[in-house]
Structures are given as structure tokens and as C-alpha cells.
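K.L.:
I am sharing query.txt, which consists of compact mmCIF, C-alpha atoms:
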```txt
# COMPACT_ATOMS: atom_id res chain seq x y z
CA MET V 1 3.77 -45.78 55.78
CA TYR V 2 5.25 -42.34 56.46
CA LYS V 3 7.84 -42.95 53.77
CA ALA V 4 5.10 -43.75 51.24
CA LEU V 5 3.19 -40.60 52.21
CA PHE V 6 6.39 -38.58 51.85
CA PHE V 7 6.91 -39.82 48.29
CA LEU V 8 3.26 -39.13 47.40
CA VAL V 9 3.67 -35.54 48.59
CA ILE V 10 6.87 -35.11 46.57
CA ILE V 11 5.24 -36.52 43.42
CA SER V 12 2.24 -34.22 43.90
CA LEU V 13 4.52 -31.19 44.22
CA ILE V 14 6.42 -32.16 41.05
CA ILE V 15 3.17 -32.56 39.12
CA ALA V 16 1.91 -29.22 40.41
CA PHE V 17 5.18 -27.52 39.51
CA ASP V 18 5.14 -28.97 35.99
CA SER V 19 1.52 -27.89 35.58
CA ASP V 20 2.33 -24.34 36.68
CA ALA V 21 5.32 -24.24 34.33
CA GLN V 22 3.15 -25.29 31.41
CA ASN V 23 0.48 -22.75 32.29
CA THR V 24 3.00 -19.91 32.32
CA GLU V 25 4.89 -20.90 29.18
CA VAL V 26 5.08 -18.28 26.45
CA ILE V 27 3.83 -19.28 22.98
CA TYR V 28 5.88 -17.57 20.29
CA LEU V 29 4.66 -16.67 16.80
CA GLU V 30 6.88 -16.88 13.73
CA ASN V 31 7.39 -13.56 11.93
CA PRO V 32 5.14 -11.61 14.34
CA SER V 33 6.01 -8.32 12.63
CA PHE V 34 4.90 -9.59 9.19
CA GLU V 35 8.24 -8.90 7.49
CA ASP V 36 8.47 -9.80 3.80
CA GLN V 37 8.81 -8.27 0.34
CA PRO V 38 6.04 -5.64 -0.05
CA ARG V 39 3.54 -6.75 -2.69
CA ALA V 40 -0.18 -7.24 -3.38
CA GLY V 41 -2.07 -10.48 -2.90
CA ARG V 42 0.52 -12.27 -0.81
CA THR V 43 0.74 -13.37 2.83
CA PRO V 44 4.02 -12.76 4.68
CA GLU V 45 6.40 -15.62 5.35
CA SER V 46 5.18 -18.11 8.01
CA TRP V 47 1.53 -17.01 7.59
CA ALA V 48 -1.21 -18.63 5.49
CA ASN V 49 -4.07 -17.02 3.59
CA CYS V 50 -7.34 -17.91 5.30
CA GLY V 51 -9.78 -15.35 3.94
CA HIS V 52 -13.05 -15.93 2.12
CA SER V 53 -12.74 -18.45 -0.74
CA GLN V 54 -13.70 -15.77 -3.30
CA GLU V 55 -11.35 -13.13 -1.90
CA SER V 56 -7.71 -12.57 -2.91
CA PRO V 57 -4.90 -12.94 -0.34
CA PRO V 58 -4.07 -9.90 1.81
CA ASP V 59 -1.37 -7.36 0.90
CA ILE V 60 2.11 -6.85 2.36
CA GLN V 61 2.34 -3.09 2.82
CA PRO V 62 3.57 -0.42 2.37
CA TYR V 63 4.66 -0.47 -1.25
CA GLY V 64 2.60 2.38 -2.68
CA GLY V 65 -0.07 0.12 -4.15
CA PHE V 66 -3.67 1.05 -3.28
CA ASN V 67 -2.30 4.40 -2.00
CA VAL V 68 -1.27 2.78 1.30
CA THR V 69 1.91 4.53 2.44
CA ARG V 70 1.86 4.56 6.25
CA PRO V 71 5.25 3.51 7.77
CA ALA V 72 5.30 0.24 9.71
CA TYR V 73 5.11 0.32 13.49
CA ASP V 74 7.87 -2.30 13.78
CA GLY V 75 10.34 -3.39 11.15
CA ARG V 76 9.61 -2.45 7.54
CA THR V 77 6.34 -4.11 6.52
CA TYR V 78 2.90 -5.00 7.83
CA VAL V 79 -0.31 -6.65 6.58
CA GLY V 80 -3.26 -4.87 5.00
CA LEU V 81 -6.62 -6.68 5.26
CA VAL V 82 -9.87 -5.66 3.56
CA THR V 83 -13.55 -6.53 3.41
CA ARG V 84 -15.78 -5.97 0.39
CA GLU V 85 -19.41 -5.15 -0.17
CA ASN V 86 -19.83 -8.59 -1.81
CA LYS V 87 -19.56 -10.22 1.66
CA THR V 88 -15.93 -11.35 1.36
CA TRP V 89 -13.13 -10.70 3.83
CA GLU V 90 -9.44 -11.43 4.43
CA ALA V 91 -7.60 -13.33 7.18
CA ILE V 92 -4.22 -14.92 7.97
CA ALA V 93 -3.36 -17.95 10.10
CA GLN V 94 -0.39 -19.77 11.61
CA ARG V 95 0.42 -23.00 13.44
CA LEU V 96 1.35 -22.23 17.04
CA SER V 97 4.68 -23.29 18.53
CA LYS V 98 2.68 -24.89 21.34
CA SER V 99 -1.05 -25.54 21.63
CA ILE V 100 -3.25 -23.31 23.73
CA THR V 101 -5.07 -25.46 26.25
CA LYS V 102 -8.71 -25.64 27.20
CA GLY V 103 -9.55 -23.74 30.40
CA THR V 104 -6.29 -21.72 30.45
CA CYS V 105 -6.43 -17.92 30.35
CA TYR V 106 -4.21 -16.23 27.73
CA LYS V 107 -3.31 -12.71 26.66
CA PHE V 108 -2.34 -11.48 23.21
CA SER V 109 -1.91 -8.07 21.61
CA ILE V 110 -1.39 -6.53 18.18
CA TYR V 111 -0.99 -3.05 16.77
CA ALA V 112 -3.65 -1.85 14.33
CA CYS V 113 -4.82 1.22 12.45
CA LYS V 114 -6.76 2.16 9.32
CA SER V 115 -5.34 3.61 6.11
CA THR V 116 -7.24 6.75 5.11
CA GLU V 117 -6.90 5.54 1.53
CA TYR V 118 -7.07 1.96 0.28
CA ILE V 119 -7.96 2.30 -3.40
CA SER V 120 -9.11 -0.84 -5.21
CA PRO V 121 -11.57 -1.62 -8.04
CA THR V 122 -14.88 -3.35 -7.29
CA LYS V 123 -17.25 -5.27 -9.53
CA LYS V 124 -20.24 -3.36 -8.18
CA ASN V 125 -18.60 -0.11 -9.31
CA GLN V 126 -17.79 -1.56 -12.76
CA ASN V 127 -14.15 -2.13 -11.76
CA GLN V 128 -13.63 1.56 -11.09
CA PRO V 129 -11.23 2.54 -8.25
CA THR V 130 -13.04 2.70 -4.91
CA ASN V 131 -11.74 3.83 -1.54
CA PHE V 132 -12.10 1.09 1.05
CA SER V 133 -12.24 3.76 3.71
CA ARG V 134 -14.39 2.29 6.47
CA GLY V 135 -12.92 0.75 9.60
CA LEU V 136 -13.03 -2.93 10.48
CA VAL V 137 -12.92 -5.09 13.58
CA LEU V 138 -10.38 -7.86 14.28
CA ARG V 139 -11.42 -11.38 15.24
CA ILE V 140 -9.11 -13.95 16.81
CA TRP V 141 -10.07 -17.55 16.00
CA ALA V 142 -8.59 -20.89 17.07
CA GLY V 143 -8.66 -24.27 15.39
CA ASN V 144 -6.69 -27.41 14.70
CA ASN V 145 -6.01 -26.91 11.01
CA TYR V 146 -5.17 -23.94 8.81
CA CYS V 147 -8.27 -21.77 8.36
CA ASP V 148 -10.22 -23.84 10.90
CA ARG V 149 -12.48 -21.44 12.83
CA ALA V 150 -13.47 -23.83 15.58
CA GLU V 151 -13.80 -21.23 18.34
CA LEU V 152 -13.94 -17.43 18.37
CA LEU V 153 -11.49 -16.47 21.12
CA ASP V 154 -11.96 -12.69 21.19
CA GLU V 155 -12.61 -9.68 18.98
CA ILE V 156 -12.37 -5.91 18.87
CA LYS V 157 -15.91 -4.70 19.48
CA ASP V 158 -15.70 -1.38 17.62
CA PRO V 159 -14.19 -0.73 14.15
CA VAL V 160 -10.63 0.59 14.04
CA ASP V 161 -11.18 4.08 12.58
CA HIS V 162 -7.93 5.85 13.52
CA SER V 163 -4.89 6.24 11.24
CA ASP V 164 -2.23 6.07 13.99
CA TRP V 165 -0.87 2.78 15.32
CA ARG V 166 -2.49 1.67 18.59
CA ASN V 167 -2.06 -1.47 20.64
CA TYR V 168 -5.08 -3.74 21.04
CA GLU V 169 -5.10 -6.34 23.80
CA PHE V 170 -7.06 -9.58 23.76
CA LYS V 171 -7.82 -11.90 26.66
CA PHE V 172 -9.36 -15.31 26.15
CA THR V 173 -9.84 -18.77 27.60
CA PRO V 174 -10.48 -21.64 25.15
CA GLU V 175 -13.69 -23.32 26.28
CA ASP V 176 -14.22 -26.23 23.89
CA ASN V 177 -10.84 -27.77 23.12
CA ASP V 178 -7.05 -27.45 22.90
CA TYR V 179 -5.98 -25.66 19.71
CA SER V 180 -2.79 -25.59 17.66
CA PHE V 181 -3.65 -22.87 15.09
CA ILE V 182 -4.55 -19.19 15.38
CA CYS V 183 -6.38 -17.11 12.76
CA ILE V 184 -6.47 -13.28 12.65
CA GLU V 185 -9.49 -12.10 10.67
CA ALA V 186 -10.69 -8.70 9.45
CA TYR V 187 -14.48 -8.41 9.57
CA TYR V 188 -17.41 -6.04 9.50
CA LYS V 189 -18.87 -4.68 12.72
CA THR V 190 -21.67 -7.05 13.66
CA PRO V 191 -24.57 -7.33 13.48
CA THR V 192 -24.68 -5.84 9.99
CA PHE V 193 -27.00 -6.01 7.01
CA ASN V 194 -24.93 -3.48 5.07
CA PHE V 195 -21.69 -5.13 3.96
CA TYR V 196 -19.09 -2.57 3.03
CA ASN V 197 -15.60 -1.93 1.66
CA GLY V 198 -13.20 -1.45 4.55
CA ASN V 199 -9.55 -1.89 5.55
CA ILE V 200 -7.41 -2.53 8.60
CA LEU V 201 -3.60 -2.61 8.95
CA ILE V 202 -1.92 -4.91 11.50
CA ASP V 203 1.67 -5.07 12.79
CA PHE V 204 3.86 -6.20 15.71
CA ALA V 205 1.88 -9.10 17.16
CA SER V 206 2.90 -10.16 20.65
CA GLU V 207 3.55 -13.62 21.99
CA ILE V 208 0.58 -15.53 23.39
CA PHE V 209 1.18 -15.90 27.08
CA SER V 210 -0.54 -17.07 30.22
CA CYS V 211 -2.53 -14.52 32.20
CA GLU V 212 -0.31 -15.53 35.12
CA ILE V 213 2.69 -13.81 33.51
CA PRO V 214 2.90 -10.00 33.86
CA THR V 215 2.78 -8.32 30.45
CA ASP V 216 6.08 -6.47 30.95
CA ILE V 217 7.97 -9.75 31.38
CA VAL V 218 7.01 -10.89 27.89
CA GLU V 219 8.07 -7.89 25.85
CA VAL V 220 9.78 -4.65 26.73
CA PRO V 221 7.60 -1.72 25.57
CA VAL V 222 8.83 0.24 22.59
CA GLU V 223 8.18 3.74 21.38
CA LYS V 224 8.68 5.60 18.13
CA VAL V 225 11.93 7.44 17.50
CA ASN V 226 11.39 11.18 17.03
CA ASN V 227 13.35 13.29 14.54
CA THR V 228 15.06 10.31 12.94
CA LYS V 229 16.02 9.77 9.33
CA ASP V 230 14.06 6.51 9.29
CA SER V 231 10.54 6.76 10.66
CA ASN V 232 10.31 2.96 10.84
CA LEU V 233 12.93 2.73 13.59
CA VAL V 234 11.95 2.00 17.15
CA VAL V 235 14.09 1.99 20.27
CA GLU V 236 13.84 0.15 23.54
CA ASP V 237 12.69 1.99 26.64
CA ASP V 238 15.22 2.71 29.39
CA PRO V 239 17.32 -0.50 29.59
CA ASP V 240 17.62 -0.05 33.35
CA ASN V 241 13.92 -0.93 33.53
CA ASP V 242 14.22 -4.02 31.34
CA PRO V 243 12.83 -6.89 33.45
CA LEU V 244 15.24 -9.40 31.95
CA VAL V 245 18.28 -7.27 32.77
CA ASN V 246 17.11 -6.57 36.30
CA ASN V 247 16.36 -10.23 36.92
CA VAL V 248 19.89 -11.51 36.36
CA LYS V 249 22.90 -11.63 38.65
CA PRO V 250 25.55 -8.92 38.15
CA ASN V 251 28.18 -11.48 37.25
CA THR V 252 26.29 -12.53 34.11
CA SER V 253 27.46 -9.37 32.34
CA ALA V 254 30.52 -9.62 30.08
CA LYS V 255 31.70 -6.10 30.94
CA ASN V 256 35.30 -5.91 32.14
CA ILE V 257 35.94 -9.56 31.28
CA VAL V 258 38.97 -10.59 29.21
CA ILE V 259 37.55 -12.28 26.10
CA HIS V 260 39.00 -15.46 24.58
CA ASP V 261 37.60 -16.14 21.10
CA LYS V 262 36.95 -19.88 20.80
CA GLY V 263 35.40 -19.79 17.32
CA ASN V 264 32.18 -21.56 16.35
CA PHE V 265 30.13 -23.30 19.01
CA ASP V 266 30.34 -27.09 18.70
CA PRO V 267 29.17 -28.83 21.88
CA GLN V 268 30.69 -32.12 20.70
CA LYS V 269 34.18 -30.60 20.83
CA ILE V 270 33.91 -28.63 24.09
CA VAL V 271 35.52 -30.10 27.20
CA ALA V 272 33.61 -28.67 30.16
CA ARG V 273 36.54 -28.75 32.58
CA ASP V 274 38.60 -26.60 30.18
CA LEU V 275 36.05 -23.77 30.02
CA LYS V 276 37.04 -20.38 31.46
CA VAL V 277 35.29 -17.12 32.20
CA GLY V 278 35.60 -14.97 29.08
CA ASP V 279 35.42 -17.85 26.58
CA LYS V 280 33.41 -16.63 23.57
CA PHE V 281 31.63 -18.84 21.02
CA ARG V 282 29.80 -17.94 17.81
CA LEU V 283 26.44 -19.59 17.11
CA GLU V 284 27.09 -20.45 13.49
CA ASN V 285 24.01 -21.04 11.29
CA LEU V 286 21.73 -19.17 13.69
CA TYR V 287 19.74 -17.20 11.14
CA PHE V 288 16.92 -14.70 11.57
CA ARG V 289 14.34 -13.45 9.12
CA ALA V 290 15.27 -10.21 7.35
CA ASP V 291 15.21 -7.17 9.68
CA SER V 292 13.47 -9.30 12.31
CA SER V 293 14.18 -11.08 15.59
CA SER V 294 12.20 -14.16 14.48
CA VAL V 295 14.48 -17.20 14.37
CA SER V 296 14.33 -19.42 11.26
CA ARG V 297 13.52 -23.11 11.58
CA ASN V 298 17.17 -24.04 10.96
CA GLY V 299 18.15 -21.55 13.66
CA GLU V 300 15.98 -23.37 16.19
CA LYS V 301 18.20 -26.44 15.76
CA VAL V 302 21.21 -24.35 16.80
CA LEU V 303 19.38 -23.06 19.87
CA LEU V 304 18.33 -26.59 20.78
CA GLY V 305 22.01 -27.57 20.82
CA LEU V 306 22.83 -24.60 23.08
CA TYR V 307 19.95 -25.50 25.39
CA LYS V 308 21.22 -29.08 25.79
CA PHE V 309 24.74 -27.79 26.47
CA LEU V 310 23.50 -25.41 29.19
CA LYS V 311 21.27 -28.09 30.67
CA THR V 312 24.25 -30.42 31.00
CA ASN V 313 26.60 -27.71 32.29
CA SER V 314 24.35 -26.13 34.88
CA HIS V 315 27.31 -24.47 36.65
CA LEU V 316 27.95 -21.75 34.06
CA ALA V 317 26.35 -18.38 33.29
CA LEU V 318 26.62 -16.45 30.04
CA GLU V 319 25.88 -13.28 28.12
CA ILE V 320 24.14 -13.52 24.75
CA GLY V 321 25.44 -10.87 22.36
CA GLY V 322 23.80 -9.76 19.10
CA HIS V 323 25.76 -8.20 16.20
CA THR V 324 24.83 -6.77 12.79
CA ASN V 325 26.59 -5.74 9.61
CA SER V 326 27.27 -2.06 8.91
CA LEU V 327 24.62 -1.39 6.25
CA PRO V 328 21.63 -0.06 8.29
CA PRO V 329 21.75 3.11 10.47
CA ASP V 330 23.36 2.91 13.93
CA ASP V 331 20.08 3.12 15.86
CA PHE V 332 18.49 0.37 13.79
CA CYS V 333 21.53 -1.91 14.27
CA ASP V 334 21.50 -1.36 18.04
CA LYS V 335 17.80 -2.08 18.29
CA LEU V 336 17.85 -5.14 16.02
CA SER V 337 20.92 -6.73 17.63
CA THR V 338 19.39 -6.25 21.08
CA LYS V 339 16.08 -7.81 20.05
CA ARG V 340 17.84 -10.79 18.50
CA ALA V 341 19.97 -11.40 21.59
CA LYS V 342 16.89 -11.08 23.76
CA SER V 343 14.93 -13.55 21.61
CA VAL V 344 17.67 -16.15 22.20
CA VAL V 345 17.41 -15.59 25.97
CA TYR V 346 13.61 -15.97 25.79
CA TYR V 347 13.97 -19.22 23.84
CA LEU V 348 16.39 -20.69 26.36
CA ASN V 349 14.33 -19.51 29.31
CA ARG V 350 11.07 -20.95 28.04
CA SER V 351 12.94 -24.22 27.35
CA GLY V 352 13.94 -24.43 31.01
CA ILE V 353 17.20 -22.50 31.48
CA SER V 354 17.03 -20.21 34.52
CA ILE V 355 16.96 -16.51 33.74
CA ASP V 356 19.47 -16.04 36.59
CA ARG V 357 22.13 -17.62 34.38
CA MET V 358 21.69 -15.31 31.38
CA SER V 359 21.93 -11.72 30.23
CA TYR V 360 21.81 -10.20 26.77
CA ARG V 361 23.35 -7.25 24.98
CA GLY V 362 23.09 -5.70 21.53
CA TYR V 363 26.45 -4.59 20.13
CA GLY V 364 25.04 -3.28 16.85
CA LYS V 365 27.81 -2.92 14.28
CA ARG V 366 30.58 -1.94 16.73
CA LYS V 367 32.49 -5.26 16.65
CA PRO V 368 32.86 -6.47 13.03
CA ILE V 369 34.82 -9.65 12.33
CA GLY V 370 34.57 -9.46 8.53
CA ASP V 371 34.80 -6.98 5.66
CA ASN V 372 31.49 -5.12 5.41
CA ASN V 373 32.27 -4.32 1.77
CA THR V 374 31.73 -7.97 0.82
CA LYS V 375 28.68 -10.23 1.10
CA ASP V 376 30.70 -12.85 2.97
CA GLY V 377 31.98 -10.26 5.43
CA GLN V 378 28.49 -8.90 6.03
CA ARG V 379 27.25 -12.43 6.71
CA LYS V 380 30.04 -12.99 9.26
CA ASN V 381 29.29 -9.73 11.02
CA GLN V 382 25.59 -10.44 11.35
CA ARG V 383 25.87 -13.01 14.13
CA VAL V 384 25.00 -14.06 17.68
CA GLU V 385 27.69 -15.02 20.20
CA PHE V 386 27.75 -16.04 23.83
CA ILE V 387 30.42 -15.29 26.45
CA ILE V 388 30.85 -17.34 29.60
CA THR V 389 30.60 -14.90 32.49
CA ASP V 390 30.57 -17.17 35.54
CA LEU V 391 31.54 -20.71 36.54
CA ASP V 392 30.09 -21.92 39.83
```
In C-alpha cells, how does this file's structure come out?
P.N.:
Amino acid sequence: MYKALFFLVIISLIIAFDSDAQNTEVIYLENPSFEDQPRAGRTPESWANCGHSQESPPDIQPYGGFNVTRPAYDGRTYVGLVTRENKTWEAIAQRLSKSITKGTCYKFSIYACKSTEYISPTKKNQNQPTNFSRGLVLRIWAGNNYCDRAELLDEIKDPVDHSDWRNYEFKFTPEDNDYSFICIEAYYKTPTFNFYNGNILIDFASEIFSCEIPTDIVEVPVEKVNNTKDSNLVVEDDPDNDPLVNNVKPNTSAKNIVIHDKGNFDPQKIVARDLKVGDKFRLENLYFRADSSSVSRNGEKVLLGLYKFLKTNSHLALEIGGHTNSLPPDDFCDKLSTKRAKSVVYYLNRSGISIDRMSYRGYGKRKPIGDNNTKDGQRKNQRVEFIITDLD
């Protein structure tokens, strides 16, 4: 009898643990910084057009069209959304990496501002250029298909009327269902009987994460670089305050370790008993979107292989290192390589690998392995590697 009760308690604890793990899992968006080729009437990669049926797709800015020239907050591009006096509006949507669940509290944030000029012709003005100068609100919808607005999760109450980038935070709990799609919609301030021409710019969307997770664990805050040649660059805050760095054991750093280059990572060819501290492997075919830390779909297959390898070999710790080619400025390379290494750590952690076994570091363009004067060399240099830093 006591033995049966003991097993019931153990099973209950396992179920509770799994439930807590699911409730605190981070949901990642693809291309959260809306990086793509600047152009009119086009949604960025990984996003779908979900605006009014009589409205054109949104615009990837800035490219000078419509007199929108504000630099991006993160990366190089962002999305411009408008409403019109003919009662049409613009919106974008994406399938989530994991469904948000009914009754669970979530947080989400995005940077937004208004362009002082957004010049576009309107039918009411006989196709003459008109400034869509009024501010708009943002609505966050959820559904189970693209453009499905099954439940309004949250919205900005007042129009965004400022021209500087500001972070807007949303907090919501789905009440009616589980949902696998999210829709970000520009809209008029409601209630309204006077539909108007307005614009809103959005950039640098966060992950969607449980209210149980502190915000600073999900993303390290960033701030604009002052007096730089490239006003689009951002840098990380003091790395000593990075929660991921502070949450790992000292021996997961590759500093002062003799490195042994083992070439491309192939878990089928690695013999666990032959591994040594300092062994370095390249994650071949791990690709990111241009100037972004968003992993491509093919790249996720590479990370899945690394996850399975670490799950099987639970005795080792490692450092994830990001590298770039030499084309962008030094600061940009440092920032991008760090973000890419960090995104790999986040992926592995949310898949179940303990954060105590991992650290990350951005090497920028300091350690090239190919000729940066050739396309092939640039491709080789833009890579992610891992170094074994401990073997328990």
C-alpha cells in the first residue's frame, strides 16, 4: 500500500514538473526584427499579409518611399502599417513555434513609433499625395489559421503619436481556446466614427513568454549606440549583467583552454569516450536570416541534432561561439555574432538542456577561417561553433 502511494506521489510530481515546464516555455517568433529587402507592398519573410481585403500589403521600410526614412531600432528594416479613411487597415500574422494555451498568462513586447511623414495617394483626394500623419493603435489577435481573429488578446489603448522608438508591453491570457497563430494589426483608436489616414512603424518584437519568467531572462536589454557611423547598430548592455552569463558555471567558458579543431559536427562520427576539453566543432549548415539572429528552418535541423547529442552526453558542458565575415563594421559584427550564439543557447535551453552546461560568446570577425575577399571564404567565416569546456 505504501509503495503504491509512493509511486502515485512520484507520478504527481512528474506531471506537475512537466506542467510547470510547459507553462514557462518561451515561444519564439521567426524574423522578429522584420528583416528583408526594403520595398512597398510586401510583408517580410516569415510573415503573412492579413490586412483588410481591399488594402495592399504593408511596406518594408525604410527605403525612401512614402518619405519614410527613420532608421530601424534593430537590424536594418522594419514594417510600416497604415489605415485609410475608406475603413481599410493593414496587419501581419505568423504561425507560432508552439501554441499559446487557454488560461495561461503571457507577456509580449514590440517597439513602435510613428513616421512624421507617410505620403501616399488616396482615392478620396483624387489620387493626390496625402500625408498619413495620424497615430494608430496596435492590436494583438490570436487564431488557428492565418488571418483568423478569433480572440483579441490585448491592444495599445492610445494612438502611437511619437516619432522615437519606444517599447510597448502586452500582457494577456487566452480565455476561449488554445491558439497557434498571432496577428499584429494597426487600427484606429476606438470607438471612432471618423476613419482616418494614419501610420505606425513596428520593429524588434520579443518572444512570447510565460508571466512566470522574469522579462530580463528572455532578452538582454539593448540601447542605441551614440556617435557611431551606423545609426542602426545596437550594443548589448554590460555583459557582466547578462542573466545567461551569470547563470552558468565558470568552467563553461572556453577562455584559457587549448583548442583542438575537430572540423564539422557530425554526431554519427563522434565517439563520446574520445572527447576532450577543448575539442571544437563547427555547426555546418546552421544558417541565419540576413543580419538577424533568427535561425532558418534548415538551421533548426542542425540544432535538433546538437540537442540530441547533448541529451545523450549529459556529462559535458560547452561554449557556443558566434563568428561573422569581415564586411560589416566591428561593432555590428560583435553584436550580431553574440546574438546568434545566444539564440542557439536559448534554443537548446528551451528544448531541455540545462543552462548550467552552456555559455555563449560573440567573436565577431576576429577569428576568420577563410578568405574574406571571396564569397566562399565569407560563407566559411560566418559560422557558429561549440567548444567542449568540461567533462564530468
K.L.:
Nearest to Leu29 of chain V among V:Glu151, V:Asp376, V:Glu45, V:Asp356, with distances taken over all atoms listed in the file: which residue is it?
P.N.:
V:Glu45
K.L.:
Around the point (-7.5, -11.4, 27.6) in the file's coordinates, collect all residues with an atom within 6 Å, using only C-alpha atoms, and return them as a PyMOL selection string.
P.N.:
chain V and resi 106-107+170-172
K.L.:
Using only C-alpha atoms, which of V:Val79, V:Asn325, V:Gly364, V:Pro38 sits nearest Gly377 of chain V?
P.N.:
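Residue with the minimum atom-to-atom distance to Gly377 of chain V: V:Asn325.
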K.L.:
Just checking: using only C-alpha atoms, which residue out of V:Thr116, V:Ser210, V:Asn49, V:Ser326 ends up closest to Asp164 of chain V?
P.N.:
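Distance minimum relative to Asp164 of chain V lands on V:Thr116.
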K.L.:
Which distance in Å separates atom CA of Leu348 of chain V and atom CA of Asp266 of chain V, to one decimal?
P.N.:
17.2 Å
K.L.:
Which is closest to Val137 of chain V among V:Thr43, V:Asn349, V:Thr83, V:Asn285, if we use only C-alpha atoms?
P.N.:
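Of all the options, V:Thr83 lies closest to Val137 of chain V.
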K.L.:
Could you tell me which of V:Leu310, V:Ile270, V:Gly75, V:Val82 comes closest to Leu391 of chain V if we count all atoms listed in the file?
P.N.:
V:Leu310
K.L.:
Kindly indicate which residue among V:Glu207, V:Glu212, V:Asp154, V:Glu300 lies nearest to Cys105 of chain V, using all atoms listed in the file for the distances.
P.N.:
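Ranked by minimum distance to Cys105 of chain V, first place goes to V:Glu212.
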K.L.:
Mind checking which residues fall within 9 Å of Leu152 of chain V, counting only C-alpha atoms, ignoring those fewer than 4 positions away in the same chain, and posting them as a count of residues only?
P.N.:
5
K.L.:
Would you mind reading off the distance between atom CA of Ser109 of chain V and atom CA of Phe209 of chain V, one decimal, in Å?
P.N.:
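Atom CA of Ser109 of chain V sits 10.0 Å away from atom CA of Phe209 of chain V.
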K.L.:
Record the distance separating atom CA of Glu85 of chain V and atom CA of Ser133 of chain V, expressed in Å with one decimal.
P.N.:
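Here the two named atoms are 12.1 Å from each other.
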K.L.:
If you count all atoms listed in the file, which residues fall within 8 Å of Ile200 of chain V, apart from same-chain ones fewer than 6 positions away, as a list of chain:residue names?
P.N.:
V:Gly80, V:Leu81, V:Val82, V:Ala112, V:Cys113, V:Lys114, V:Ser115, V:Gly135, V:Leu136, V:Val137, V:Val160, V:Ala186
K.L.:
Generate a file of the selected residues that holds C-alpha atoms, formatted as a compact mmCIF listing (two decimals), keeping the file's coordinate frame.
P.N.:
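File produced: out-v2.txt:
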```txt
# COMPACT_ATOMS: atom_id res chain seq x y z
CA GLY V 80 -3.26 -4.87 5.00
CA LEU V 81 -6.62 -6.68 5.26
CA VAL V 82 -9.87 -5.66 3.56
CA ALA V 112 -3.65 -1.85 14.33
CA CYS V 113 -4.82 1.22 12.45
CA LYS V 114 -6.76 2.16 9.32
CA SER V 115 -5.34 3.61 6.11
CA GLY V 135 -12.92 0.75 9.60
CA LEU V 136 -13.03 -2.93 10.48
CA VAL V 137 -12.92 -5.09 13.58
CA VAL V 160 -10.63 0.59 14.04
CA ALA V 186 -10.69 -8.70 9.45
```
K.L.:
Starting from the incomplete input, reconstruct N, CA and C atoms of segment 78-93 of chain V and write that as a PDB file, in the frame of the given file.
P.N.:
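Below is the file that was written, out-v2.pdb:
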```pdb
ATOM      1  N   TYR V  78       4.044  -4.571   7.044  1.00  0.00           N
ATOM      2  CA  TYR V  78       2.900  -5.000   7.830  1.00  0.00           C
ATOM      3  C   TYR V  78       1.869  -5.583   6.878  1.00  0.00           C
ATOM      4  N   VAL V  79       0.734  -6.037   7.402  1.00  0.00           N
ATOM      5  CA  VAL V  79      -0.310  -6.650   6.580  1.00  0.00           C
ATOM      6  C   VAL V  79      -1.498  -5.713   6.462  1.00  0.00           C
ATOM      7  N   GLY V  80      -2.019  -5.589   5.237  1.00  0.00           N
ATOM      8  CA  GLY V  80      -3.260  -4.870   5.000  1.00  0.00           C
ATOM      9  C   GLY V  80      -4.373  -5.854   4.685  1.00  0.00           C
ATOM     10  N   LEU V  81      -5.467  -5.787   5.439  1.00  0.00           N
ATOM     11  CA  LEU V  81      -6.620  -6.680   5.260  1.00  0.00           C
ATOM     12  C   LEU V  81      -7.832  -5.846   4.869  1.00  0.00           C
ATOM     13  N   VAL V  82      -8.682  -6.387   3.989  1.00  0.00           N
ATOM     14  CA  VAL V  82      -9.870  -5.660   3.560  1.00  0.00           C
ATOM     15  C   VAL V  82     -11.111  -6.538   3.636  1.00  0.00           C
ATOM     16  N   THR V  83     -12.266  -5.882   3.653  1.00  0.00           N
ATOM     17  CA  THR V  83     -13.550  -6.530   3.410  1.00  0.00           C
ATOM     18  C   THR V  83     -14.171  -5.852   2.191  1.00  0.00           C
ATOM     19  N   ARG V  84     -15.111  -6.530   1.570  1.00  0.00           N
ATOM     20  CA  ARG V  84     -15.780  -5.970   0.390  1.00  0.00           C
ATOM     21  C   ARG V  84     -17.297  -6.025   0.563  1.00  0.00           C
ATOM     22  N   GLU V  85     -17.953  -5.217  -0.240  1.00  0.00           N
ATOM     23  CA  GLU V  85     -19.410  -5.150  -0.170  1.00  0.00           C
ATOM     24  C   GLU V  85     -20.082  -6.406  -0.711  1.00  0.00           C
ATOM     25  N   ASN V  86     -19.286  -7.318  -1.320  1.00  0.00           N
ATOM     26  CA  ASN V  86     -19.830  -8.590  -1.810  1.00  0.00           C
ATOM     27  C   ASN V  86     -19.753  -9.694  -0.758  1.00  0.00           C
ATOM     28  N   LYS V  87     -19.568  -9.303   0.506  1.00  0.00           N
ATOM     29  CA  LYS V  87     -19.560 -10.220   1.660  1.00  0.00           C
ATOM     30  C   LYS V  87     -18.310 -11.109   1.699  1.00  0.00           C
ATOM     31  N   THR V  88     -17.188 -10.617   1.231  1.00  0.00           N
ATOM     32  CA  THR V  88     -15.930 -11.350   1.360  1.00  0.00           C
ATOM     33  C   THR V  88     -14.986 -10.578   2.264  1.00  0.00           C
ATOM     34  N   TRP V  89     -14.051 -11.300   2.868  1.00  0.00           N
ATOM     35  CA  TRP V  89     -13.130 -10.700   3.830  1.00  0.00           C
ATOM     36  C   TRP V  89     -11.798 -11.432   3.783  1.00  0.00           C
ATOM     37  N   GLU V  90     -10.785 -10.854   4.449  1.00  0.00           N
ATOM     38  CA  GLU V  90      -9.440 -11.430   4.430  1.00  0.00           C
ATOM     39  C   GLU V  90      -9.001 -11.835   5.835  1.00  0.00           C
ATOM     40  N   ALA V  91      -8.098 -12.818   5.897  1.00  0.00           N
ATOM     41  CA  ALA V  91      -7.600 -13.330   7.180  1.00  0.00           C
ATOM     42  C   ALA V  91      -6.287 -14.054   6.951  1.00  0.00           C
ATOM     43  N   ILE V  92      -5.481 -14.168   8.014  1.00  0.00           N
ATOM     44  CA  ILE V  92      -4.220 -14.920   7.970  1.00  0.00           C
ATOM     45  C   ILE V  92      -4.157 -15.847   9.169  1.00  0.00           C
ATOM     46  N   ALA V  93      -3.417 -16.943   9.028  1.00  0.00           N
ATOM     47  CA  ALA V  93      -3.360 -17.950  10.100  1.00  0.00           C
ATOM     48  C   ALA V  93      -1.963 -18.532  10.206  1.00  0.00           C
TER      49      ALA V  93
END
```
